[in-house]
Amino acid sequence: MANKKVIDLKDIWISYPESSNFSMKNLLRLRKDEVFWAVKGLNFEIYKGEVLGIIGRNGSGKSTLLKLLSGLILPDKGEYKVYGKRPVLLTLGAGFDAELSGIDNIYLNALYLGHKKKDVDRDLKEIIEYSELGDFVYKPVRTYSSGMKARLAFSIAVTLDPEVLLIDEVLGVGDQQFKDKSKATIMDKIQQKRTVIMVTHSANLVKDICDRVVWIHKGEQMEVGPPEEVVPKYLEFMKGNKK
Ligand SMILES: Nc1ncnc2c1ncn2[C@@H]1O[C@H](COP(=O)(O)OP(=O)(O)OP(=O)(O)O)[C@@H](O)[C@H]1O
């Protein structure tokens, strides 16, 4: 691919402290290994304008990888480079302050994402309209349902138009009508040749919209390549690996 590289991962390893992983299976394993490695040696690049899918069974390390890509965590080992602006996780809303109103949180999140106040002033109406929160935007975020919070986070991220979009099963945000709208918006971004990195369990979605796929299993990189090569191998593997 002749395109510009926007992200580079070289031999990335990510662990969680043993005390924070309470499952019995992991505790038994941790006694031997001391730390739990959620991501073990990922190596791939992401290019401008491509749609990259990340697939893998539950617990394979996909969300951990997204946390790294969005700058929430650092790798324990390896080299992670972003060329240009930091990627933005669409459904995050991690920076919401529950006591502040939706509007105040729009400013808070947008500034955190590196936008200027005057840009938010300009886009505020659009963000509010997109979120469909109505008068709730004046109320504290603690009064919102989880779907409403997700809608607000999605609206902020999508309206402010980041260079690299990170999507964590986003098509599950809100009710059916909002799901359809968010899907249409993402398809629009894809048409505009934005870089999109998408975690999903849907092999069909990957086949339909991704240019390349990274398949992770138990933190390890199994395959990277075009969906027509990787997805059949993944599905075949899953048939024999139901656990
Ligand atoms: N905060 C944490 N502390 C300890 N272990 C964690 C933490 N978050 C995730 N893990 C463990 O790391 C591994 C990878 O988890 P991760 O959430 O990245 O997987 P995933 O592929 O996104 O799973 P899913 O498809 O179920 O969302 C799992 O074994 C999980 O139990």
# chains A, B, ... in the order shown; residues from 1 in each chain; ligands from 1
$ closest_atom_pairs --of "stretch 36-68 of chain A" --to "stretch 156-164 of chain A" --cutoff "10 Å" --atoms "only C-alpha atoms" --output "tab-separated table"
residue	atom	partner	partner_atom	distance
A:Ile46	CA	A:Val164	CA	9.9
A:Tyr47	CA	A:Val164	CA	10.0
A:Lys48	CA	A:Val164	CA	8.2
A:Gly49	CA	A:Val164	CA	8.6
A:Glu50	CA	A:Val164	CA	9.7
A:Val51	CA	A:Val164	CA	9.8
$ residues_around --residues "A:Ser101" --least-positions-apart "2" --cutoff "6 Å" --atoms "only C-alpha atoms" --output "list in words"
Ile103, Asp104, Tyr138, Lys139, Pro140 and Val141 of chain A
$ residues_near_ligand --ligand "ligand 1" --cutoff "7 Å" --atoms "only C-alpha atoms and all ligand atoms" --output "PDB file with N, CA and C atoms, in the first residue's frame"
ATOM      1  N   TYR A  16      -1.574  -6.744  32.774  1.00  0.00           N
ATOM      2  CA  TYR A  16      -2.361  -6.148  33.850  1.00  0.00           C
ATOM      3  C   TYR A  16      -1.765  -6.611  35.174  1.00  0.00           C
ATOM      4  N   PRO A  17      -1.816  -5.740  36.183  1.00  0.00           N
ATOM      5  CA  PRO A  17      -1.296  -6.167  37.481  1.00  0.00           C
ATOM      6  C   PRO A  17      -2.099  -7.357  37.985  1.00  0.00           C
ATOM      7  N   GLU A  18      -1.440  -8.303  38.603  1.00  0.00           N
ATOM      8  CA  GLU A  18      -2.129  -9.525  38.961  1.00  0.00           C
ATOM      9  C   GLU A  18      -3.298  -9.290  39.909  1.00  0.00           C
ATOM     10  N   SER A  20      -5.449  -7.054  39.918  1.00  0.00           N
ATOM     11  CA  SER A  20      -6.680  -6.536  39.327  1.00  0.00           C
ATOM     12  C   SER A  20      -7.408  -7.579  38.488  1.00  0.00           C
ATOM     13  N   ASN A  21      -6.833  -8.782  38.404  1.00  0.00           N
ATOM     14  CA  ASN A  21      -7.496  -9.811  37.607  1.00  0.00           C
ATOM     15  C   ASN A  21      -7.996 -10.917  38.528  1.00  0.00           C
ATOM     16  N   PHE A  36      -0.298 -10.952  34.280  1.00  0.00           N
ATOM     17  CA  PHE A  36      -1.129 -11.498  33.212  1.00  0.00           C
ATOM     18  C   PHE A  36      -0.891 -10.681  31.948  1.00  0.00           C
ATOM     19  N   ALA A  38      -2.039  -9.567  28.623  1.00  0.00           N
ATOM     20  CA  ALA A  38      -3.260  -9.510  27.815  1.00  0.00           C
ATOM     21  C   ALA A  38      -2.928  -9.372  26.335  1.00  0.00           C
ATOM     22  N   GLY A  56     -11.346 -11.368  17.041  1.00  0.00           N
ATOM     23  CA  GLY A  56     -10.816 -12.314  18.016  1.00  0.00           C
ATOM     24  C   GLY A  56     -11.904 -12.661  19.006  1.00  0.00           C
ATOM     25  N   ARG A  57     -11.758 -13.836  19.598  1.00  0.00           N
ATOM     26  CA  ARG A  57     -12.729 -14.331  20.563  1.00  0.00           C
ATOM     27  C   ARG A  57     -12.791 -13.422  21.801  1.00  0.00           C
ATOM     28  N   ASN A  58     -13.800 -13.580  22.656  1.00  0.00           N
ATOM     29  CA  ASN A  58     -13.877 -12.830  23.910  1.00  0.00           C
ATOM     30  C   ASN A  58     -12.588 -12.992  24.704  1.00  0.00           C
ATOM     31  N   GLY A  59     -12.108 -11.888  25.233  1.00  0.00           N
ATOM     32  CA  GLY A  59     -10.915 -11.942  26.082  1.00  0.00           C
ATOM     33  C   GLY A  59      -9.608 -12.071  25.324  1.00  0.00           C
ATOM     34  N   SER A  60      -9.645 -11.867  24.014  1.00  0.00           N
ATOM     35  CA  SER A  60      -8.412 -12.058  23.230  1.00  0.00           C
ATOM     36  C   SER A  60      -7.480 -10.839  23.290  1.00  0.00           C
ATOM     37  N   GLY A  61      -7.969  -9.715  23.809  1.00  0.00           N
ATOM     38  CA  GLY A  61      -7.098  -8.546  23.952  1.00  0.00           C
ATOM     39  C   GLY A  61      -7.476  -7.377  23.057  1.00  0.00           C
ATOM     40  N   LYS A  62      -8.652  -7.447  22.423  1.00  0.00           N
ATOM     41  CA  LYS A  62      -9.052  -6.398  21.478  1.00  0.00           C
ATOM     42  C   LYS A  62      -9.261  -5.043  22.182  1.00  0.00           C
ATOM     43  N   SER A  63      -9.997  -5.058  23.295  1.00  0.00           N
ATOM     44  CA  SER A  63     -10.252  -3.791  23.992  1.00  0.00           C
ATOM     45  C   SER A  63      -8.969  -3.238  24.587  1.00  0.00           C
ATOM     46  N   THR A  64      -8.093  -4.127  25.024  1.00  0.00           N
ATOM     47  CA  THR A  64      -6.797  -3.685  25.550  1.00  0.00           C
ATOM     48  C   THR A  64      -6.018  -2.973  24.447  1.00  0.00           C
ATOM     49  N   LEU A  65      -6.074  -3.526  23.266  1.00  0.00           N
ATOM     50  CA  LEU A  65      -5.399  -2.907  22.119  1.00  0.00           C
ATOM     51  C   LEU A  65      -6.006  -1.530  21.818  1.00  0.00           C
ATOM     52  N   GLY A 219      -4.199 -12.815  23.098  1.00  0.00           N
ATOM     53  CA  GLY A 219      -3.174 -11.768  23.117  1.00  0.00           C
ATOM     54  C   GLY A 219      -2.148 -11.881  22.007  1.00  0.00           C
TER      55      GLY A 219
END
$ residues_around --residues "stretch 128-137 of chain A" --least-positions-apart "5" --cutoff "10 Å" --atoms "only C-alpha atoms" --output "PDB file with N, CA and C atoms, in the first residue's frame"
ATOM      1  N   LEU A 100     -21.389  17.608  35.856  1.00  0.00           N
ATOM      2  CA  LEU A 100     -21.544  18.677  34.860  1.00  0.00           C
ATOM      3  C   LEU A 100     -22.643  18.335  33.855  1.00  0.00           C
ATOM      4  N   SER A 101     -23.153  19.360  33.210  1.00  0.00           N
ATOM      5  CA  SER A 101     -24.206  19.149  32.202  1.00  0.00           C
ATOM      6  C   SER A 101     -23.606  18.526  30.939  1.00  0.00           C
ATOM      7  N   GLY A 102     -24.488  18.077  30.064  1.00  0.00           N
ATOM      8  CA  GLY A 102     -24.046  17.540  28.779  1.00  0.00           C
ATOM      9  C   GLY A 102     -23.224  18.572  28.016  1.00  0.00           C
ATOM     10  N   ILE A 103     -23.707  19.812  28.011  1.00  0.00           N
ATOM     11  CA  ILE A 103     -23.000  20.870  27.270  1.00  0.00           C
ATOM     12  C   ILE A 103     -21.591  21.085  27.837  1.00  0.00           C
ATOM     13  N   ASP A 104     -21.502  21.181  29.159  1.00  0.00           N
ATOM     14  CA  ASP A 104     -20.169  21.371  29.759  1.00  0.00           C
ATOM     15  C   ASP A 104     -19.259  20.197  29.427  1.00  0.00           C
ATOM     16  N   ASN A 105     -19.858  18.998  29.404  1.00  0.00           N
ATOM     17  CA  ASN A 105     -19.049  17.815  29.083  1.00  0.00           C
ATOM     18  C   ASN A 105     -18.616  17.788  27.616  1.00  0.00           C
ATOM     19  N   ILE A 106     -19.418  18.381  26.763  1.00  0.00           N
ATOM     20  CA  ILE A 106     -19.012  18.488  25.353  1.00  0.00           C
ATOM     21  C   ILE A 106     -17.712  19.290  25.275  1.00  0.00           C
ATOM     22  N   ASP A 123     -19.315  24.071  16.515  1.00  0.00           N
ATOM     23  CA  ASP A 123     -19.942  22.767  16.269  1.00  0.00           C
ATOM     24  C   ASP A 123     -20.975  22.361  17.317  1.00  0.00           C
ATOM     25  N   THR A 143     -27.588  11.973  35.389  1.00  0.00           N
ATOM     26  CA  THR A 143     -29.006  11.647  35.181  1.00  0.00           C
ATOM     27  C   THR A 143     -29.226  10.896  33.859  1.00  0.00           C
ATOM     28  N   TYR A 144     -28.162  10.645  33.113  1.00  0.00           N
ATOM     29  CA  TYR A 144     -28.299   9.996  31.800  1.00  0.00           C
ATOM     30  C   TYR A 144     -28.301   8.472  31.939  1.00  0.00           C
ATOM     31  N   MET A 148     -27.638   7.008  26.644  1.00  0.00           N
ATOM     32  CA  MET A 148     -27.562   8.460  26.413  1.00  0.00           C
ATOM     33  C   MET A 148     -26.117   8.943  26.502  1.00  0.00           C
ATOM     34  N   LYS A 149     -25.372   8.392  27.469  1.00  0.00           N
ATOM     35  CA  LYS A 149     -23.954   8.775  27.598  1.00  0.00           C
ATOM     36  C   LYS A 149     -23.178   8.366  26.347  1.00  0.00           C
ATOM     37  N   ALA A 150     -23.457   7.158  25.896  1.00  0.00           N
ATOM     38  CA  ALA A 150     -22.750   6.659  24.709  1.00  0.00           C
ATOM     39  C   ALA A 150     -23.080   7.532  23.498  1.00  0.00           C
ATOM     40  N   ARG A 151     -24.357   7.942  23.411  1.00  0.00           N
ATOM     41  CA  ARG A 151     -24.770   8.793  22.284  1.00  0.00           C
ATOM     42  C   ARG A 151     -24.058  10.133  22.319  1.00  0.00           C
ATOM     43  N   LEU A 152     -23.935  10.697  23.514  1.00  0.00           N
ATOM     44  CA  LEU A 152     -23.251  11.987  23.627  1.00  0.00           C
ATOM     45  C   LEU A 152     -21.776  11.832  23.227  1.00  0.00           C
ATOM     46  N   ALA A 153     -21.134  10.778  23.736  1.00  0.00           N
ATOM     47  CA  ALA A 153     -19.709  10.557  23.420  1.00  0.00           C
ATOM     48  C   ALA A 153     -19.524  10.382  21.911  1.00  0.00           C
ATOM     49  N   PHE A 154     -20.406   9.581  21.327  1.00  0.00           N
ATOM     50  CA  PHE A 154     -20.327   9.334  19.890  1.00  0.00           C
ATOM     51  C   PHE A 154     -20.496  10.634  19.106  1.00  0.00           C
ATOM     52  N   SER A 155     -21.469  11.439  19.525  1.00  0.00           N
ATOM     53  CA  SER A 155     -21.762  12.690  18.812  1.00  0.00           C
ATOM     54  C   SER A 155     -20.581  13.648  18.862  1.00  0.00           C
ATOM     55  N   ILE A 156     -19.948  13.734  20.041  1.00  0.00           N
ATOM     56  CA  ILE A 156     -18.799  14.633  20.188  1.00  0.00           C
ATOM     57  C   ILE A 156     -17.688  14.184  19.242  1.00  0.00           C
ATOM     58  N   VAL A 158     -17.654  12.188  16.661  1.00  0.00           N
ATOM     59  CA  VAL A 158     -17.922  12.122  15.233  1.00  0.00           C
ATOM     60  C   VAL A 158     -18.053  13.525  14.625  1.00  0.00           C
ATOM     61  N   THR A 159     -18.614  14.451  15.372  1.00  0.00           N
ATOM     62  CA  THR A 159     -18.794  15.795  14.842  1.00  0.00           C
ATOM     63  C   THR A 159     -17.457  16.527  14.750  1.00  0.00           C
ATOM     64  N   PHE A 178     -30.796   5.063  16.467  1.00  0.00           N
ATOM     65  CA  PHE A 178     -29.483   5.698  16.617  1.00  0.00           C
ATOM     66  C   PHE A 178     -28.384   4.791  16.056  1.00  0.00           C
ATOM     67  N   LYS A 181     -28.305   5.331  12.438  1.00  0.00           N
ATOM     68  CA  LYS A 181     -27.702   6.635  12.129  1.00  0.00           C
ATOM     69  C   LYS A 181     -26.188   6.576  12.317  1.00  0.00           C
ATOM     70  N   SER A 182     -25.722   5.932  13.420  1.00  0.00           N
ATOM     71  CA  SER A 182     -24.270   5.902  13.664  1.00  0.00           C
ATOM     72  C   SER A 182     -23.581   5.050  12.613  1.00  0.00           C
TER      73      SER A 182
END
$ closest_residue --among "A:Val88, A:Met238, A:Ala98, A:Ile167" --to "A:Leu113" --atoms "only C-alpha atoms"
A:Val88
$ closest_residue --among "A:Val35, A:Leu124, A:Ile209, A:Ile14" --to "A:Gln191" --atoms "only C-alpha atoms"
A:Ile209
$ residues_around --residues "stretch 3-6 of chain A" --least-positions-apart "2" --cutoff "12 Å" --atoms "only C-alpha atoms" --output "VMD selection string"
chain A and resid 1 8 to 9 44 to 50 69 80 to 87 163 to 165 193 to 197
$ write_last_selection --atoms "N, CA and C atoms" --output "PDB file, in the first residue's frame"
ATOM      1  N   MET A   1       0.837  -1.205   0.000  1.00  0.00           N
ATOM      2  CA  MET A   1       0.000   0.000   0.000  1.00  0.00           C
ATOM      3  C   MET A   1       0.869   1.252   0.000  1.00  0.00           C
ATOM      4  N   ASP A   8       2.148   2.774  14.068  1.00  0.00           N
ATOM      5  CA  ASP A   8       3.112   1.694  13.954  1.00  0.00           C
ATOM      6  C   ASP A   8       3.200   0.949  15.293  1.00  0.00           C
ATOM      7  N   LEU A   9       3.006  -0.352  15.268  1.00  0.00           N
ATOM      8  CA  LEU A   9       3.175  -1.142  16.488  1.00  0.00           C
ATOM      9  C   LEU A   9       4.281  -2.160  16.261  1.00  0.00           C
ATOM     10  N   PHE A  44       2.105  -4.627  13.732  1.00  0.00           N
ATOM     11  CA  PHE A  44       1.468  -4.264  12.462  1.00  0.00           C
ATOM     12  C   PHE A  44       1.440  -2.753  12.305  1.00  0.00           C
ATOM     13  N   GLU A  45       1.135  -2.297  11.092  1.00  0.00           N
ATOM     14  CA  GLU A  45       1.055  -0.855  10.834  1.00  0.00           C
ATOM     15  C   GLU A  45      -0.372  -0.526  10.400  1.00  0.00           C
ATOM     16  N   ILE A  46      -0.721   0.749  10.537  1.00  0.00           N
ATOM     17  CA  ILE A  46      -2.019   1.199  10.040  1.00  0.00           C
ATOM     18  C   ILE A  46      -1.755   2.372   9.090  1.00  0.00           C
ATOM     19  N   TYR A  47      -2.417   2.321   7.956  1.00  0.00           N
ATOM     20  CA  TYR A  47      -2.161   3.335   6.918  1.00  0.00           C
ATOM     21  C   TYR A  47      -3.338   4.296   6.789  1.00  0.00           C
ATOM     22  N   LYS A  48      -3.003   5.523   6.386  1.00  0.00           N
ATOM     23  CA  LYS A  48      -4.018   6.571   6.207  1.00  0.00           C
ATOM     24  C   LYS A  48      -5.097   6.100   5.235  1.00  0.00           C
ATOM     25  N   GLY A  49      -6.333   6.279   5.646  1.00  0.00           N
ATOM     26  CA  GLY A  49      -7.447   5.996   4.749  1.00  0.00           C
ATOM     27  C   GLY A  49      -7.909   4.555   4.728  1.00  0.00           C
ATOM     28  N   GLU A  50      -7.254   3.695   5.496  1.00  0.00           N
ATOM     29  CA  GLU A  50      -7.719   2.299   5.450  1.00  0.00           C
ATOM     30  C   GLU A  50      -8.717   2.000   6.568  1.00  0.00           C
ATOM     31  N   LEU A  69      -4.319   2.167  21.629  1.00  0.00           N
ATOM     32  CA  LEU A  69      -4.419   3.032  20.451  1.00  0.00           C
ATOM     33  C   LEU A  69      -4.999   4.401  20.805  1.00  0.00           C
ATOM     34  N   TYR A  80       5.274   1.908  20.259  1.00  0.00           N
ATOM     35  CA  TYR A  80       3.994   2.335  19.706  1.00  0.00           C
ATOM     36  C   TYR A  80       4.125   3.770  19.214  1.00  0.00           C
ATOM     37  N   LYS A  81       3.943   3.964  17.916  1.00  0.00           N
ATOM     38  CA  LYS A  81       4.114   5.316  17.360  1.00  0.00           C
ATOM     39  C   LYS A  81       2.858   5.778  16.645  1.00  0.00           C
ATOM     40  N   VAL A  82       2.470   7.033  16.896  1.00  0.00           N
ATOM     41  CA  VAL A  82       1.354   7.650  16.164  1.00  0.00           C
ATOM     42  C   VAL A  82       1.928   8.815  15.376  1.00  0.00           C
ATOM     43  N   TYR A  83       1.706   8.821  14.073  1.00  0.00           N
ATOM     44  CA  TYR A  83       2.160   9.944  13.252  1.00  0.00           C
ATOM     45  C   TYR A  83       0.946  10.839  13.025  1.00  0.00           C
ATOM     46  N   GLY A  84       0.977  12.053  13.562  1.00  0.00           N
ATOM     47  CA  GLY A  84      -0.174  12.947  13.422  1.00  0.00           C
ATOM     48  C   GLY A  84      -0.997  12.955  14.696  1.00  0.00           C
ATOM     49  N   LYS A  85      -2.306  13.254  14.540  1.00  0.00           N
ATOM     50  CA  LYS A  85      -3.159  13.420  15.721  1.00  0.00           C
ATOM     51  C   LYS A  85      -3.508  12.090  16.384  1.00  0.00           C
ATOM     52  N   ARG A  86      -3.726  12.145  17.696  1.00  0.00           N
ATOM     53  CA  ARG A  86      -4.086  10.955  18.461  1.00  0.00           C
ATOM     54  C   ARG A  86      -5.433  10.382  17.972  1.00  0.00           C
ATOM     55  N   PRO A  87      -5.503   9.064  17.797  1.00  0.00           N
ATOM     56  CA  PRO A  87      -6.783   8.466  17.404  1.00  0.00           C
ATOM     57  C   PRO A  87      -7.844   8.674  18.492  1.00  0.00           C
ATOM     58  N   GLU A 163      -8.894  12.400  12.853  1.00  0.00           N
ATOM     59  CA  GLU A 163      -8.215  11.804  11.695  1.00  0.00           C
ATOM     60  C   GLU A 163      -8.316  10.287  11.703  1.00  0.00           C
ATOM     61  N   VAL A 164      -8.207   9.716  12.909  1.00  0.00           N
ATOM     62  CA  VAL A 164      -8.299   8.258  13.029  1.00  0.00           C
ATOM     63  C   VAL A 164      -9.419   7.916  14.013  1.00  0.00           C
ATOM     64  N   LEU A 165     -10.393   7.169  13.533  1.00  0.00           N
ATOM     65  CA  LEU A 165     -11.525   6.789  14.372  1.00  0.00           C
ATOM     66  C   LEU A 165     -11.315   5.385  14.919  1.00  0.00           C
ATOM     67  N   LYS A 193     -12.694   8.365   3.104  1.00  0.00           N
ATOM     68  CA  LYS A 193     -11.317   7.859   3.225  1.00  0.00           C
ATOM     69  C   LYS A 193     -10.659   8.251   4.537  1.00  0.00           C
ATOM     70  N   ARG A 194     -11.472   8.274   5.608  1.00  0.00           N
ATOM     71  CA  ARG A 194     -10.900   8.448   6.942  1.00  0.00           C
ATOM     72  C   ARG A 194     -10.274   7.128   7.367  1.00  0.00           C
ATOM     73  N   THR A 195      -9.301   7.204   8.263  1.00  0.00           N
ATOM     74  CA  THR A 195      -8.741   5.967   8.793  1.00  0.00           C
ATOM     75  C   THR A 195      -9.671   5.462   9.892  1.00  0.00           C
ATOM     76  N   VAL A 196     -10.083   4.223   9.793  1.00  0.00           N
ATOM     77  CA  VAL A 196     -11.010   3.660  10.771  1.00  0.00           C
ATOM     78  C   VAL A 196     -10.440   2.342  11.293  1.00  0.00           C
ATOM     79  N   ILE A 197     -10.409   2.207  12.607  1.00  0.00           N
ATOM     80  CA  ILE A 197      -9.981   0.950  13.221  1.00  0.00           C
ATOM     81  C   ILE A 197     -11.171   0.438  14.026  1.00  0.00           C
TER      82      ILE A 197
END
$ residues_around --residues "A:Val213" --least-positions-apart "2" --cutoff "10 Å" --atoms "only C-alpha atoms" --output "PDB file with N, CA and C atoms, in the first residue's frame"
ATOM      1  N   VAL A  51      -9.511   0.952   6.353  1.00  0.00           N
ATOM      2  CA  VAL A  51     -10.424   0.476   7.381  1.00  0.00           C
ATOM      3  C   VAL A  51      -9.868  -0.850   7.875  1.00  0.00           C
ATOM      4  N   LEU A  52      -9.414  -0.825   9.122  1.00  0.00           N
ATOM      5  CA  LEU A  52      -8.771  -2.014   9.683  1.00  0.00           C
ATOM      6  C   LEU A  52      -9.694  -2.661  10.700  1.00  0.00           C
ATOM      7  N   GLY A  53      -9.967  -3.919  10.545  1.00  0.00           N
ATOM      8  CA  GLY A  53     -10.798  -4.653  11.498  1.00  0.00           C
ATOM      9  C   GLY A  53      -9.917  -5.394  12.491  1.00  0.00           C
ATOM     10  N   ILE A  54     -10.370  -5.450  13.741  1.00  0.00           N
ATOM     11  CA  ILE A  54      -9.666  -6.268  14.737  1.00  0.00           C
ATOM     12  C   ILE A  54     -10.652  -7.322  15.209  1.00  0.00           C
ATOM     13  N   ILE A  55     -10.309  -8.585  14.971  1.00  0.00           N
ATOM     14  CA  ILE A  55     -11.224  -9.653  15.367  1.00  0.00           C
ATOM     15  C   ILE A  55     -10.535 -10.601  16.348  1.00  0.00           C
ATOM     16  N   ILE A 197     -10.409   2.207  12.607  1.00  0.00           N
ATOM     17  CA  ILE A 197      -9.981   0.950  13.221  1.00  0.00           C
ATOM     18  C   ILE A 197     -11.171   0.438  14.026  1.00  0.00           C
ATOM     19  N   MET A 198     -11.597  -0.762  13.713  1.00  0.00           N
ATOM     20  CA  MET A 198     -12.868  -1.223  14.245  1.00  0.00           C
ATOM     21  C   MET A 198     -12.753  -2.601  14.902  1.00  0.00           C
ATOM     22  N   VAL A 199     -13.124  -2.682  16.170  1.00  0.00           N
ATOM     23  CA  VAL A 199     -13.179  -3.975  16.836  1.00  0.00           C
ATOM     24  C   VAL A 199     -14.575  -4.543  16.644  1.00  0.00           C
ATOM     25  N   VAL A 206     -16.758  -7.303   8.869  1.00  0.00           N
ATOM     26  CA  VAL A 206     -15.347  -7.243   8.463  1.00  0.00           C
ATOM     27  C   VAL A 206     -15.226  -7.467   6.957  1.00  0.00           C
ATOM     28  N   LYS A 207     -15.935  -8.484   6.478  1.00  0.00           N
ATOM     29  CA  LYS A 207     -15.855  -8.794   5.039  1.00  0.00           C
ATOM     30  C   LYS A 207     -16.422  -7.653   4.203  1.00  0.00           C
ATOM     31  N   CYS A 210     -14.018  -3.852   5.727  1.00  0.00           N
ATOM     32  CA  CYS A 210     -12.598  -3.663   6.087  1.00  0.00           C
ATOM     33  C   CYS A 210     -11.664  -3.926   4.905  1.00  0.00           C
ATOM     34  N   ASP A 211     -10.579  -3.150   4.851  1.00  0.00           N
ATOM     35  CA  ASP A 211      -9.539  -3.386   3.843  1.00  0.00           C
ATOM     36  C   ASP A 211      -8.581  -4.473   4.329  1.00  0.00           C
ATOM     37  N   TRP A 215      -6.206 -10.472  13.327  1.00  0.00           N
ATOM     38  CA  TRP A 215      -6.878 -11.479  14.159  1.00  0.00           C
ATOM     39  C   TRP A 215      -5.985 -11.750  15.361  1.00  0.00           C
ATOM     40  N   ILE A 216      -6.564 -11.560  16.555  1.00  0.00           N
ATOM     41  CA  ILE A 216      -5.816 -11.786  17.804  1.00  0.00           C
ATOM     42  C   ILE A 216      -6.444 -12.960  18.556  1.00  0.00           C
ATOM     43  N   GLU A 223      -3.017 -13.590  12.523  1.00  0.00           N
ATOM     44  CA  GLU A 223      -2.903 -13.256  11.095  1.00  0.00           C
ATOM     45  C   GLU A 223      -3.162 -11.760  10.908  1.00  0.00           C
ATOM     46  N   VAL A 224      -2.548 -11.197   9.892  1.00  0.00           N
ATOM     47  CA  VAL A 224      -2.905  -9.848   9.417  1.00  0.00           C
ATOM     48  C   VAL A 224      -3.016  -9.957   7.908  1.00  0.00           C
ATOM     49  N   GLY A 225      -4.092  -9.435   7.340  1.00  0.00           N
ATOM     50  CA  GLY A 225      -4.211  -9.513   5.885  1.00  0.00           C
ATOM     51  C   GLY A 225      -5.583  -9.113   5.413  1.00  0.00           C
ATOM     52  N   PRO A 226      -5.860  -9.307   4.137  1.00  0.00           N
ATOM     53  CA  PRO A 226      -7.186  -8.948   3.611  1.00  0.00           C
ATOM     54  C   PRO A 226      -8.251  -9.884   4.190  1.00  0.00           C
ATOM     55  N   PRO A 227      -9.480  -9.351   4.389  1.00  0.00           N
ATOM     56  CA  PRO A 227     -10.540 -10.151   5.003  1.00  0.00           C
ATOM     57  C   PRO A 227     -10.776 -11.487   4.298  1.00  0.00           C
ATOM     58  N   GLU A 228     -10.669 -11.483   2.958  1.00  0.00           N
ATOM     59  CA  GLU A 228     -10.987 -12.733   2.249  1.00  0.00           C
ATOM     60  C   GLU A 228      -9.984 -13.845   2.575  1.00  0.00           C
ATOM     61  N   GLU A 229      -8.802 -13.466   3.071  1.00  0.00           N
ATOM     62  CA  GLU A 229      -7.839 -14.489   3.492  1.00  0.00           C
ATOM     63  C   GLU A 229      -7.975 -14.825   4.972  1.00  0.00           C
ATOM     64  N   VAL A 230      -8.131 -13.776   5.801  1.00  0.00           N
ATOM     65  CA  VAL A 230      -8.072 -13.979   7.250  1.00  0.00           C
ATOM     66  C   VAL A 230      -9.393 -14.533   7.816  1.00  0.00           C
ATOM     67  N   VAL A 231     -10.530 -13.987   7.351  1.00  0.00           N
ATOM     68  CA  VAL A 231     -11.813 -14.357   7.959  1.00  0.00           C
ATOM     69  C   VAL A 231     -12.113 -15.864   7.838  1.00  0.00           C
TER      70      VAL A 231
END
$ select_by_dssp --residues "stretch 13-160 of chain A" --states "strand (DSSP E)" --output "MDAnalysis selection string"
chainID A and resid 13:16 36:47 51:55 77:82 88:89
$ atom_distance --atom1 "atom CA of A:Lys40" --atom2 "atom CA of A:Ser15"
8.6 Å
